[in-house]
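The file upload.cif contains mmCIF, C-alpha atoms:
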```
data_query
#
loop_
_atom_site.group_PDB
_atom_site.id
_atom_site.type_symbol
_atom_site.label_atom_id
_atom_site.label_comp_id
_atom_site.auth_asym_id
_atom_site.auth_seq_id
_atom_site.Cartn_x
_atom_site.Cartn_y
_atom_site.Cartn_z
ATOM 1 C CA MET J 5 0.000 0.000 0.000
ATOM 2 C CA ARG J 6 2.899 2.333 0.769
ATOM 3 C CA ASP J 7 4.154 1.954 -2.796
ATOM 4 C CA LEU J 8 0.746 2.850 -4.190
ATOM 5 C CA THR J 9 0.487 5.967 -2.046
ATOM 6 C CA ARG J 10 3.977 7.022 -3.102
ATOM 7 C CA LEU J 11 3.012 6.462 -6.713
ATOM 8 C CA ARG J 12 -0.107 8.562 -6.157
ATOM 9 C CA GLU J 13 1.998 11.442 -4.788
ATOM 10 C CA TYR J 14 4.289 11.197 -7.800
ATOM 11 C CA MET J 15 1.355 11.126 -10.234
ATOM 12 C CA LYS J 16 -0.233 14.146 -8.550
ATOM 13 C CA GLY J 17 3.021 16.026 -9.103
ATOM 14 C CA LEU J 18 2.999 15.070 -12.777
ATOM 15 C CA GLU J 19 -0.643 16.152 -13.008
ATOM 16 C CA ARG J 20 0.218 19.556 -11.536
ATOM 17 C CA VAL J 21 3.105 20.071 -13.967
ATOM 18 C CA THR J 22 0.986 18.955 -16.937
ATOM 19 C CA LYS J 23 -1.806 21.371 -16.042
ATOM 20 C CA GLN J 24 0.691 24.215 -15.535
ATOM 21 C CA ARG J 25 2.202 23.569 -18.959
ATOM 22 C CA LEU J 26 -1.213 23.417 -20.614
ATOM 23 C CA ASN J 27 -2.270 26.642 -18.939
ATOM 24 C CA ALA J 28 0.999 28.351 -19.928
ATOM 25 C CA PHE J 29 0.548 27.190 -23.529
ATOM 26 C CA LEU J 30 -2.954 28.663 -23.661
ATOM 27 C CA LEU J 31 -1.803 31.939 -22.109
ATOM 28 C CA ARG J 32 1.086 32.154 -24.582
ATOM 29 C CA TYR J 33 -1.488 32.271 -27.379
ATOM 30 C CA SER J 34 -3.912 34.581 -25.518
ATOM 31 C CA ARG J 35 -6.491 31.899 -24.835
ATOM 32 C CA SER J 36 -7.813 32.451 -21.337
ATOM 33 C CA TYR J 37 -10.762 30.806 -19.651
ATOM 34 C CA ASP J 38 -13.056 33.686 -18.732
ATOM 35 C CA THR J 39 -16.422 31.934 -18.911
ATOM 36 C CA GLY J 40 -16.198 29.989 -15.655
ATOM 37 C CA LYS J 41 -15.022 30.572 -12.131
ATOM 38 C CA SER J 42 -12.778 27.582 -11.604
ATOM 39 C CA ARG J 43 -10.433 25.607 -13.782
ATOM 40 C CA TRP J 44 -10.095 21.880 -14.325
ATOM 41 C CA THR J 45 -13.820 21.241 -14.094
ATOM 42 C CA GLN J 46 -15.873 19.494 -16.764
ATOM 43 C CA ALA J 47 -16.922 22.894 -18.112
ATOM 44 C CA HIS J 48 -13.300 23.979 -18.356
ATOM 45 C CA PHE J 49 -12.334 20.792 -20.206
ATOM 46 C CA ARG J 50 -15.282 21.302 -22.614
ATOM 47 C CA TRP J 51 -14.102 24.868 -23.208
ATOM 48 C CA MET J 52 -10.564 23.639 -23.930
ATOM 49 C CA GLU J 53 -11.835 20.974 -26.320
ATOM 50 C CA GLY J 54 -13.417 23.759 -28.360
ATOM 51 C CA ARG J 55 -10.137 25.655 -28.804
ATOM 52 C CA LYS J 56 -8.597 25.395 -32.261
ATOM 53 C CA PHE J 57 -5.250 26.692 -33.439
ATOM 54 C CA ASP J 58 -4.514 27.787 -36.992
ATOM 55 C CA VAL J 59 -0.990 26.380 -37.016
ATOM 56 C CA VAL J 60 -1.012 22.577 -37.219
ATOM 57 C CA VAL J 61 1.974 22.158 -34.891
ATOM 58 C CA GLN J 62 0.304 24.287 -32.218
ATOM 59 C CA GLN J 63 -2.860 22.181 -32.478
ATOM 60 C CA ILE J 64 -0.844 18.982 -32.074
ATOM 61 C CA VAL J 65 0.991 20.310 -29.009
ATOM 62 C CA PHE J 66 -2.245 21.582 -27.486
ATOM 63 C CA GLN J 67 -4.024 18.274 -28.063
ATOM 64 C CA GLU J 68 -1.158 16.315 -26.479
ATOM 65 C CA TYR J 69 -1.188 18.562 -23.403
ATOM 66 C CA LEU J 70 -4.973 18.277 -23.160
ATOM 67 C CA ASP J 71 -4.921 14.487 -23.501
ATOM 68 C CA ALA J 72 -2.223 14.219 -20.817
ATOM 69 C CA ALA J 73 -4.230 16.419 -18.441
ATOM 70 C CA LYS J 74 -7.373 14.337 -18.954
ATOM 71 C CA GLU J 75 -5.499 11.087 -18.467
ATOM 72 C CA SER J 76 -3.890 12.249 -15.254
ATOM 73 C CA GLU J 77 -7.285 13.056 -13.743
ATOM 74 C CA ALA J 78 -8.382 9.415 -13.369
ATOM 75 C CA CYS J 79 -4.973 7.999 -12.713
ATOM 76 C CA ILE J 80 -4.199 5.862 -9.657
ATOM 77 C CA GLU J 81 -7.281 6.273 -7.442
ATOM 78 C CA THR J 82 -9.061 3.190 -8.783
ATOM 79 C CA GLU J 83 -5.957 1.066 -8.260
ATOM 80 C CA ILE J 84 -5.738 2.167 -4.631
ATOM 81 C CA GLU J 85 -9.415 1.355 -4.109
ATOM 82 C CA LYS J 86 -8.896 -2.128 -5.560
ATOM 83 C CA ALA J 87 -5.831 -2.734 -3.405
ATOM 84 C CA LEU J 88 -7.653 -1.643 -0.245
ATOM 85 C CA LYS J 89 -10.136 -4.498 -0.690
ATOM 86 C CA HIS J 90 -7.323 -7.026 -0.329
ATOM 87 C CA TRP J 91 -5.064 -5.224 2.133
ATOM 88 C CA GLU J 92 -4.721 -7.089 5.406
ATOM 89 C CA LEU J 93 -4.642 -3.933 7.558
ATOM 90 C CA THR J 94 -8.037 -2.908 6.219
ATOM 91 C CA ARG J 95 -9.605 -5.880 7.994
ATOM 92 C CA ALA J 96 -7.443 -5.693 11.124
ATOM 93 C CA PRO J 97 -9.432 -5.264 14.355
ATOM 94 C CA LEU J 98 -8.971 -2.020 16.233
ATOM 95 C CA ILE J 99 -7.501 -2.381 19.710
#
```

Mind turning this structure into structure tokens?
Amino acid sequence: MRDLTRLREYMKGLERVTKQRLNAFLLRYSRSYDTGKSRWTQAHFRWMEGRKFDVVVQQIVFQEYLDAAKESEACIETEIEKALKHWELTRAPLI
């Protein structure tokens, strides 16, 4: 379980960096999210999916950043939940 929690911490760090890079990319091309109050919600992801860039290379980079941000959202949590079902300390009696 310790390894999974360490992996989760690592993945959260990657998620933070990925989102920072995506946000910086959008700001570099004057694309700011003004329609909603908070970022990284479903509405924010829908807004980002609607962004198109005229230069093909920029669109490719943007799409890769967006895909990485989406993927990092659902990352390790389900694996931890599965592991908890079989972890011996989960069923240990409290003293």

Open item on the list: Here's a test: counting all atoms listed in the file, identify every protein, DNA and RNA residue with an atom at most 12 Å from (1.2, 24.0, -15.9) in the file's coordinate frame, and state them as a VMD selection string.
Closed with: chain J and resid 17 to 32 43 to 44 69 to 70 72 to 73

TODO: Enumerate, as number ranges by chain, the residues matched when the PyMOL selection byres ((chain J and resi 67) around 12) is run on the file above.
DONE: J: 26, 29-30, 49, 52-57, 60-66, 68-74

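Our summary of the geometry notes that CA of Lys41 in chain J is positioned 28.2 Å from CA of Thr82 in chain J.
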
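Residues matching the PyMOL selection byres ((chain J and resi 5-11) around 8) in this structure come to Arg12, Glu13, Tyr14, Met15, Ile80, Ile84, Ala87, Leu88 and Trp91 of chain J.
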
Same residues, C-alpha atoms, saved as a short mmCIF file (atom, residue, chain, number, x, y, z; two decimals), in the frame of the given file:
```cif
data_model
loop_
_atom_site.label_atom_id
_atom_site.label_comp_id
_atom_site.auth_asym_id
_atom_site.auth_seq_id
_atom_site.Cartn_x
_atom_site.Cartn_y
_atom_site.Cartn_z
CA ARG J 12 -0.11 8.56 -6.16
CA GLU J 13 2.00 11.44 -4.79
CA TYR J 14 4.29 11.20 -7.80
CA MET J 15 1.36 11.13 -10.23
CA ILE J 80 -4.20 5.86 -9.66
CA ILE J 84 -5.74 2.17 -4.63
CA ALA J 87 -5.83 -2.73 -3.40
CA LEU J 88 -7.65 -1.64 -0.24
CA TRP J 91 -5.06 -5.22 2.13
#
```

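Going from CA of Ser34 in chain J to CA of Arg50 in chain J covers 17.7 Å.
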
Open item on the list: One decimal, in Å: what's the spacing between CA of Tyr33 in chain J and CA of Glu75 in chain J?
Closed with: 23.3 Å

Around range 49-65 of chain J, with edges along x, y and z and 6 Å added on all six sides, what centre and edge lengths do you get, in Å to one decimal, as AutoDock Vina command-line options?
```
--center_x -6.7 --center_y 23.4 --center_z -28.7 --size_x 29.3 --size_y 20.8 --size_z 29.0
```

Write out N, CA and C atoms for range 44-60 of chain J, as a PDB file, in the coordinates of the input.
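The new file result_2.pdb reads:
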```pdb
ATOM      1  N   TRP J  44     -10.222  23.326 -14.423  1.00  0.00           N
ATOM      2  CA  TRP J  44     -10.095  21.880 -14.325  1.00  0.00           C
ATOM      3  C   TRP J  44     -11.401  21.208 -13.930  1.00  0.00           C
ATOM      4  N   THR J  45     -12.501  21.843 -14.251  1.00  0.00           N
ATOM      5  CA  THR J  45     -13.820  21.241 -14.094  1.00  0.00           C
ATOM      6  C   THR J  45     -14.238  20.684 -15.448  1.00  0.00           C
ATOM      7  N   GLN J  46     -15.384  20.013 -15.481  1.00  0.00           N
ATOM      8  CA  GLN J  46     -15.873  19.494 -16.764  1.00  0.00           C
ATOM      9  C   GLN J  46     -16.138  20.631 -17.741  1.00  0.00           C
ATOM     10  N   ALA J  47     -16.659  21.745 -17.242  1.00  0.00           N
ATOM     11  CA  ALA J  47     -16.922  22.894 -18.112  1.00  0.00           C
ATOM     12  C   ALA J  47     -15.619  23.444 -18.692  1.00  0.00           C
ATOM     13  N   HIS J  48     -14.588  23.481 -17.888  1.00  0.00           N
ATOM     14  CA  HIS J  48     -13.300  23.979 -18.356  1.00  0.00           C
ATOM     15  C   HIS J  48     -12.716  23.056 -19.417  1.00  0.00           C
ATOM     16  N   PHE J  49     -12.829  21.737 -19.201  1.00  0.00           N
ATOM     17  CA  PHE J  49     -12.334  20.792 -20.206  1.00  0.00           C
ATOM     18  C   PHE J  49     -13.147  20.915 -21.500  1.00  0.00           C
ATOM     19  N   ARG J  50     -14.462  21.104 -21.405  1.00  0.00           N
ATOM     20  CA  ARG J  50     -15.282  21.302 -22.614  1.00  0.00           C
ATOM     21  C   ARG J  50     -14.836  22.561 -23.348  1.00  0.00           C
ATOM     22  N   TRP J  51     -14.562  23.622 -22.600  1.00  0.00           N
ATOM     23  CA  TRP J  51     -14.102  24.868 -23.208  1.00  0.00           C
ATOM     24  C   TRP J  51     -12.780  24.627 -23.948  1.00  0.00           C
ATOM     25  N   MET J  52     -11.864  23.904 -23.294  1.00  0.00           N
ATOM     26  CA  MET J  52     -10.564  23.639 -23.930  1.00  0.00           C
ATOM     27  C   MET J  52     -10.728  22.788 -25.185  1.00  0.00           C
ATOM     28  N   GLU J  53     -11.632  21.824 -25.141  1.00  0.00           N
ATOM     29  CA  GLU J  53     -11.835  20.974 -26.320  1.00  0.00           C
ATOM     30  C   GLU J  53     -12.327  21.775 -27.518  1.00  0.00           C
ATOM     31  N   GLY J  54     -12.935  22.911 -27.276  1.00  0.00           N
ATOM     32  CA  GLY J  54     -13.417  23.759 -28.360  1.00  0.00           C
ATOM     33  C   GLY J  54     -12.372  24.696 -28.933  1.00  0.00           C
ATOM     34  N   ARG J  55     -11.193  24.769 -28.314  1.00  0.00           N
ATOM     35  CA  ARG J  55     -10.137  25.655 -28.804  1.00  0.00           C
ATOM     36  C   ARG J  55      -9.468  25.025 -30.013  1.00  0.00           C
ATOM     37  N   LYS J  56      -9.282  25.830 -31.038  1.00  0.00           N
ATOM     38  CA  LYS J  56      -8.597  25.395 -32.261  1.00  0.00           C
ATOM     39  C   LYS J  56      -7.485  26.379 -32.569  1.00  0.00           C
ATOM     40  N   PHE J  57      -6.392  25.866 -33.067  1.00  0.00           N
ATOM     41  CA  PHE J  57      -5.250  26.692 -33.439  1.00  0.00           C
ATOM     42  C   PHE J  57      -5.065  26.608 -34.939  1.00  0.00           C
ATOM     43  N   ASP J  58      -4.689  27.725 -35.538  1.00  0.00           N
ATOM     44  CA  ASP J  58      -4.514  27.787 -36.992  1.00  0.00           C
ATOM     45  C   ASP J  58      -3.274  27.025 -37.458  1.00  0.00           C
ATOM     46  N   VAL J  59      -2.238  27.064 -36.661  1.00  0.00           N
ATOM     47  CA  VAL J  59      -0.990  26.380 -37.016  1.00  0.00           C
ATOM     48  C   VAL J  59      -1.096  24.923 -36.564  1.00  0.00           C
ATOM     49  N   VAL J  60      -0.841  24.009 -37.484  1.00  0.00           N
ATOM     50  CA  VAL J  60      -1.012  22.577 -37.219  1.00  0.00           C
ATOM     51  C   VAL J  60      -0.155  22.116 -36.043  1.00  0.00           C
TER      52      VAL J  60
END
```
